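Below is entry.cif, which holds mmCIF, C-alpha atoms and all ligand atoms.
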data_protein
#
loop_
_atom_site.group_PDB
_atom_site.id
_atom_site.type_symbol
_atom_site.label_atom_id
_atom_site.label_comp_id
_atom_site.auth_asym_id
_atom_site.auth_seq_id
_atom_site.Cartn_x
_atom_site.Cartn_y
_atom_site.Cartn_z
ATOM 1 C CA MET C 1 149.142 2.388 178.672
ATOM 2 C CA SER C 2 145.948 1.392 180.409
ATOM 3 C CA ALA C 3 143.233 3.426 182.109
ATOM 4 C CA PRO C 4 143.962 4.864 185.556
ATOM 5 C CA PRO C 5 142.920 2.752 188.559
ATOM 6 C CA SER C 6 139.297 3.188 189.578
ATOM 7 C CA GLY C 7 138.599 6.281 191.643
ATOM 8 C CA LEU C 8 141.086 8.411 189.748
ATOM 9 C CA PRO C 9 140.073 10.901 187.082
ATOM 10 C CA PRO C 10 140.879 9.986 183.487
ATOM 11 C CA TYR C 11 143.971 11.589 181.983
ATOM 12 C CA ASP C 12 143.309 15.069 180.589
ATOM 13 C CA ASP C 13 145.330 15.705 177.424
ATOM 14 C CA THR C 14 144.904 19.471 177.796
ATOM 15 C CA ASN C 15 146.837 19.689 181.104
ATOM 16 C CA ILE C 16 149.816 22.025 181.072
ATOM 17 C CA PHE C 17 152.470 19.288 181.287
ATOM 18 C CA ALA C 18 150.895 17.427 178.362
ATOM 19 C CA ARG C 19 151.221 20.670 176.416
ATOM 20 C CA ILE C 20 154.859 21.034 177.510
ATOM 21 C CA LEU C 21 155.550 17.451 176.355
ATOM 22 C CA ARG C 22 154.020 18.239 172.950
ATOM 23 C CA GLY C 23 156.125 21.404 172.721
ATOM 24 C CA GLU C 24 153.038 23.631 172.592
ATOM 25 C CA ILE C 25 154.308 25.770 175.436
ATOM 26 C CA PRO C 26 157.950 26.419 176.310
ATOM 27 C CA SER C 27 159.889 24.925 179.196
ATOM 28 C CA LYS C 28 163.453 25.307 180.444
ATOM 29 C CA ARG C 29 164.520 21.693 180.048
ATOM 30 C CA VAL C 30 167.315 20.226 182.127
ATOM 31 C CA HIS C 31 167.291 16.708 180.676
ATOM 32 C CA GLU C 32 165.082 14.432 178.635
ATOM 33 C CA ASP C 33 165.118 10.894 177.323
ATOM 34 C CA GLU C 34 162.614 8.347 176.048
ATOM 35 C CA TYR C 35 160.963 7.982 179.483
ATOM 36 C CA ALA C 36 161.057 11.340 181.214
ATOM 37 C CA VAL C 37 161.537 15.075 180.897
ATOM 38 C CA ALA C 38 162.986 17.390 183.557
ATOM 39 C CA PHE C 39 162.444 21.142 183.461
ATOM 40 C CA HIS C 40 162.594 24.131 185.801
ATOM 41 C CA ASP C 41 159.446 24.986 187.741
ATOM 42 C CA ILE C 42 157.957 28.278 186.569
ATOM 43 C CA ASN C 43 157.423 29.418 190.182
ATOM 44 C CA PRO C 44 160.469 28.129 192.077
ATOM 45 C CA GLN C 45 160.103 27.481 195.820
ATOM 46 C CA ALA C 46 163.859 26.980 196.360
ATOM 47 C CA PRO C 47 167.106 28.041 194.605
ATOM 48 C CA VAL C 48 166.787 24.789 192.621
ATOM 49 C CA HIS C 49 163.242 23.653 191.823
ATOM 50 C CA VAL C 50 162.964 21.193 188.970
ATOM 51 C CA LEU C 51 160.046 19.018 187.905
ATOM 52 C CA VAL C 52 160.509 15.532 186.489
ATOM 53 C CA ILE C 53 157.611 14.063 184.515
ATOM 54 C CA PRO C 54 157.155 10.778 182.672
ATOM 55 C CA ARG C 55 156.400 11.001 178.962
ATOM 56 C CA GLY C 56 153.473 8.622 179.489
ATOM 57 C CA ARG C 57 149.933 9.750 180.235
ATOM 58 C CA TYR C 58 149.744 9.200 184.023
ATOM 59 C CA VAL C 59 147.574 11.328 186.271
ATOM 60 C CA SER C 60 149.448 10.857 189.534
ATOM 61 C CA LEU C 61 151.755 8.565 191.493
ATOM 62 C CA ALA C 62 148.762 6.316 192.188
ATOM 63 C CA ASP C 63 148.203 5.894 188.452
ATOM 64 C CA PHE C 64 151.910 5.659 187.540
ATOM 65 C CA SER C 65 152.792 3.093 190.201
ATOM 66 C CA ALA C 66 149.796 0.925 189.329
ATOM 67 C CA THR C 67 149.823 1.049 185.532
ATOM 68 C CA ALA C 68 153.222 2.120 184.130
ATOM 69 C CA SER C 69 155.548 -0.555 182.779
ATOM 70 C CA ASP C 70 158.673 -1.554 184.684
ATOM 71 C CA PRO C 71 160.959 0.161 182.124
ATOM 72 C CA GLU C 72 158.915 3.376 182.419
ATOM 73 C CA ILE C 73 159.130 3.285 186.221
ATOM 74 C CA ALA C 74 162.855 2.549 186.201
ATOM 75 C CA GLY C 75 163.546 5.132 183.509
ATOM 76 C CA PHE C 76 161.588 7.787 185.363
ATOM 77 C CA TRP C 77 163.256 7.288 188.753
ATOM 78 C CA ARG C 78 166.702 7.054 187.203
ATOM 79 C CA MET C 79 166.029 10.446 185.631
ATOM 80 C CA VAL C 80 165.052 11.897 189.032
ATOM 81 C CA GLY C 81 168.347 10.714 190.544
ATOM 82 C CA ARG C 82 170.378 11.759 187.539
ATOM 83 C CA VAL C 83 168.981 15.281 187.501
ATOM 84 C CA ALA C 84 169.636 15.758 191.229
ATOM 85 C CA ARG C 85 173.183 14.491 190.784
ATOM 86 C CA GLU C 86 173.931 16.600 187.728
ATOM 87 C CA LEU C 87 172.508 19.730 189.335
ATOM 88 C CA GLY C 88 175.045 19.199 192.140
ATOM 89 C CA LEU C 89 172.460 18.558 194.854
ATOM 90 C CA GLU C 90 173.785 15.321 196.318
ATOM 91 C CA GLU C 91 176.523 16.674 198.562
ATOM 92 C CA ARG C 92 174.326 19.047 200.569
ATOM 93 C CA GLY C 93 171.110 17.118 200.129
ATOM 94 C CA TYR C 94 167.771 17.799 198.517
ATOM 95 C CA ARG C 95 164.101 16.891 198.646
ATOM 96 C CA ALA C 96 162.045 14.905 196.139
ATOM 97 C CA LEU C 97 158.308 15.292 196.560
ATOM 98 C CA THR C 98 155.128 14.393 194.749
ATOM 99 C CA ASN C 99 151.664 15.754 195.450
ATOM 100 C CA MET C 100 148.750 13.411 194.807
ATOM 101 C CA GLY C 101 145.088 14.386 194.662
ATOM 102 C CA PRO C 102 143.169 17.119 196.515
ATOM 103 C CA GLU C 103 144.598 16.614 200.012
ATOM 104 C CA GLY C 104 148.083 16.258 198.583
ATOM 105 C CA GLY C 105 147.662 19.635 196.889
ATOM 106 C CA GLN C 106 148.197 18.373 193.338
ATOM 107 C CA GLU C 107 147.471 21.125 190.834
ATOM 108 C CA VAL C 108 148.618 19.632 187.545
ATOM 109 C CA PRO C 109 147.055 16.225 186.756
ATOM 110 C CA HIS C 110 150.129 14.720 185.098
ATOM 111 C CA PHE C 111 152.373 12.779 187.510
ATOM 112 C CA HIS C 112 155.443 14.765 188.488
ATOM 113 C CA VAL C 113 158.171 14.795 191.108
ATOM 114 C CA HIS C 114 159.449 18.097 192.450
ATOM 115 C CA LEU C 115 163.187 18.323 193.180
ATOM 116 C CA PHE C 116 164.107 21.065 195.643
ATOM 117 C CA GLY C 117 167.607 22.057 196.672
ATOM 118 C CA GLY C 118 170.087 24.830 197.275
ATOM 119 C CA ARG C 119 168.942 25.780 200.767
ATOM 120 C CA ARG C 120 167.955 24.165 204.058
ATOM 121 C CA LEU C 121 164.399 23.083 203.404
ATOM 122 C CA GLY C 122 162.914 22.826 206.873
ATOM 123 C CA ARG C 123 160.187 20.438 207.907
ATOM 124 C CA MET C 124 158.515 18.208 205.368
ATOM 125 C CA VAL C 125 154.948 19.268 206.002
ATOM 126 C CA PRO C 126 153.799 22.749 207.094
ATOM 127 C CA GLY C 127 152.303 22.531 210.569
ATOM 128 C CA ALA C 128 153.850 19.110 211.169
ATOM 129 C CA GLU C 129 155.276 20.220 214.525
ATOM 130 C CA ARG C 130 151.739 19.771 215.871
ATOM 131 C CA GLN C 131 151.827 16.124 214.835
ATOM 132 C CA VAL C 132 155.218 14.978 216.148
ATOM 133 C CA GLY C 133 156.018 13.459 219.515
ATOM 134 C CA PRO C 134 153.997 11.082 221.657
ATOM 135 C CA GLY C 135 150.734 12.660 220.469
ATOM 136 C CA ALA C 136 151.414 11.395 216.974
ATOM 137 C CA GLU C 137 151.536 7.837 218.310
ATOM 138 C CA ARG C 138 148.152 8.301 219.944
ATOM 139 C CA GLN C 139 146.728 9.784 216.750
ATOM 140 C CA MET C 140 147.727 6.629 214.904
ATOM 141 C CA GLY C 141 145.439 4.698 217.204
ATOM 142 C CA ALA C 142 146.147 2.250 219.997
ATOM 143 C CA GLY C 143 148.145 -0.751 218.889
ATOM 144 C CA ALA C 144 149.183 0.860 215.612
ATOM 145 C CA GLU C 145 152.288 -0.866 214.276
ATOM 146 C CA ARG C 146 155.018 0.611 212.186
HETATM 147 P P1 LIG C 201 151.635 20.438 191.938
HETATM 148 O O1 LIG C 201 150.954 21.409 192.861
HETATM 149 O O2 LIG C 201 152.421 19.385 192.652
HETATM 150 O O3 LIG C 201 150.665 19.885 190.922
HETATM 151 O O4 LIG C 201 152.738 21.269 191.184
HETATM 152 C C1 LIG C 201 152.555 21.883 189.950
HETATM 153 C C2 LIG C 201 153.778 22.724 189.682
HETATM 154 O O5 LIG C 201 153.799 23.048 188.310
HETATM 155 C C3 LIG C 201 153.828 24.033 190.461
HETATM 156 O O6 LIG C 201 155.023 24.062 191.254
HETATM 157 C C4 LIG C 201 153.850 25.097 189.359
HETATM 158 O O7 LIG C 201 154.654 26.209 189.671
HETATM 159 C C5 LIG C 201 154.401 24.310 188.177
HETATM 160 N N1 LIG C 201 154.047 24.837 186.860
HETATM 161 C C6 LIG C 201 152.817 25.203 186.425
HETATM 162 N N2 LIG C 201 152.880 25.598 185.145
HETATM 163 C C7 LIG C 201 154.177 25.460 184.756
HETATM 164 C C8 LIG C 201 154.882 25.710 183.549
HETATM 165 N N3 LIG C 201 154.273 26.186 182.455
HETATM 166 N N4 LIG C 201 156.216 25.475 183.507
HETATM 167 C C9 LIG C 201 156.854 25.006 184.608
HETATM 168 N N5 LIG C 201 156.241 24.735 185.773
HETATM 169 C C10 LIG C 201 154.919 24.974 185.856
#

Starting from the coordinates I provided, produce the structure as structure tokens.
Amino acid sequence: MSAPPSGLPPYDDTNIFARILRGEIPSKRVHEDEYAVAFHDINPQAPVHVLVIPRGRYVSLADFSATASDPEIAGFWRMVGRVARELGLEERGYRALTNMGPEGGQEVPHFHVHLFGGRRLGRMVPGAERQVGPGAERQMGAGAER
């Protein structure tokens, strides 16, 4: 594992998910393998709210996507899909989300994906109704391509 890309903080081994990985604090684990661990969020925002974390020391998605090995990336995302499937979320649908950095609202500096399910989840981003529609096109700037 290499250092995070420039601009990101170094990995902090005292973060709460590092301590969960070391077994220093308890977690309600759903699944684990050599690449990833899935456990229930301590403060659930939906009937199902599970976190999936890589075993490796990655601060965020920026760090993980840039520096993790291909097997780590594949193993991690396969775990995300497997957990959603085995928790019975596929038929009605679910949301997978990761927060990155201050504007993303990331609180724990160990990369994680939230899996939410078990109810209709509403819009992706609070306040997003102000951004949709023709105004959103203008906000992207004239000539913006998608
Ligand atoms: P984020 O804001 O994306 O960094 O999300 C961090 C998540 O970690 C929050 O949803 C917290 O409720 C959750 N969390 C914090 N401490 C624990 C813990 N000890 N066990 C399980 N989940 C936790």

Contacts of ligand LIG 201 (chain C), 9 Å or closer, all atoms listed in the file, given as a PyMOL selection string: chain C and resi 16-17+19-20+25-28+39-45+49-51+97-101+104-114

Leu89 of chain C environment, 9 Å, all atoms listed in the file, sequence neighbours closer than 6 positions dropped, as a list in words: Val48, Val83, Phe116, Gly117 and Gly118 of chain C

Okay, now the selection with C-alpha atoms, as a short mmCIF file (atom, residue, chain, number, x, y, z; two decimals), keeping the file's coordinate frame?
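Saved as again-v7.cif:
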data_model
loop_
_atom_site.label_atom_id
_atom_site.label_comp_id
_atom_site.auth_asym_id
_atom_site.auth_seq_id
_atom_site.Cartn_x
_atom_site.Cartn_y
_atom_site.Cartn_z
CA VAL C 48 166.79 24.79 192.62
CA VAL C 83 168.98 15.28 187.50
CA PHE C 116 164.11 21.06 195.64
CA GLY C 117 167.61 22.06 196.67
CA GLY C 118 170.09 24.83 197.28
#

Mind telling me what the PyMOL selection byres (((chain C and resi 55) around 12) and not hetatm) catches here, as a PDB file with C-alpha atoms, keeping the file's coordinate frame?
ATOM      1  CA  MET C   1     149.142   2.388 178.672  1.00  0.00           C
ATOM      2  CA  PHE C  17     152.470  19.288 181.287  1.00  0.00           C
ATOM      3  CA  ALA C  18     150.895  17.427 178.362  1.00  0.00           C
ATOM      4  CA  ARG C  19     151.221  20.670 176.416  1.00  0.00           C
ATOM      5  CA  ILE C  20     154.859  21.034 177.510  1.00  0.00           C
ATOM      6  CA  LEU C  21     155.550  17.451 176.355  1.00  0.00           C
ATOM      7  CA  ARG C  22     154.020  18.239 172.950  1.00  0.00           C
ATOM      8  CA  GLU C  32     165.082  14.432 178.635  1.00  0.00           C
ATOM      9  CA  ASP C  33     165.118  10.894 177.323  1.00  0.00           C
ATOM     10  CA  GLU C  34     162.614   8.347 176.048  1.00  0.00           C
ATOM     11  CA  TYR C  35     160.963   7.982 179.483  1.00  0.00           C
ATOM     12  CA  ALA C  36     161.057  11.340 181.214  1.00  0.00           C
ATOM     13  CA  VAL C  37     161.537  15.075 180.897  1.00  0.00           C
ATOM     14  CA  ALA C  38     162.986  17.390 183.557  1.00  0.00           C
ATOM     15  CA  VAL C  52     160.509  15.532 186.489  1.00  0.00           C
ATOM     16  CA  ILE C  53     157.611  14.063 184.515  1.00  0.00           C
ATOM     17  CA  PRO C  54     157.155  10.778 182.672  1.00  0.00           C
ATOM     18  CA  GLY C  56     153.473   8.622 179.489  1.00  0.00           C
ATOM     19  CA  ARG C  57     149.933   9.750 180.235  1.00  0.00           C
ATOM     20  CA  TYR C  58     149.744   9.200 184.023  1.00  0.00           C
ATOM     21  CA  VAL C  59     147.574  11.328 186.271  1.00  0.00           C
ATOM     22  CA  PHE C  64     151.910   5.659 187.540  1.00  0.00           C
ATOM     23  CA  ALA C  68     153.222   2.120 184.130  1.00  0.00           C
ATOM     24  CA  GLU C  72     158.915   3.376 182.419  1.00  0.00           C
ATOM     25  CA  ILE C  73     159.130   3.285 186.221  1.00  0.00           C
ATOM     26  CA  GLY C  75     163.546   5.132 183.509  1.00  0.00           C
ATOM     27  CA  PHE C  76     161.588   7.787 185.363  1.00  0.00           C
ATOM     28  CA  MET C  79     166.029  10.446 185.631  1.00  0.00           C
ATOM     29  CA  HIS C 110     150.129  14.720 185.098  1.00  0.00           C
ATOM     30  CA  PHE C 111     152.373  12.779 187.510  1.00  0.00           C
ATOM     31  CA  HIS C 112     155.443  14.765 188.488  1.00  0.00           C
TER      32      HIS C 112
END

Nearest residue to Pro4 of chain C from the set C:Ala46, C:Arg123, C:Arg29, C:Leu61 (distances using all atoms listed in the file):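 Closest candidate: C:Leu61.
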
Point-to-point distance from atom CA of His31 of chain C to atom CA of Arg92 of chain C, Å rounded to tenths: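 Straight-line distance from atom CA of His31 of chain C to atom CA of Arg92 of chain C works out to 21.2 Å.
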
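Taking atom CA of Arg85 of chain C and atom CA of Asp70 of chain C as endpoints, the distance between them is 22.5 Å.
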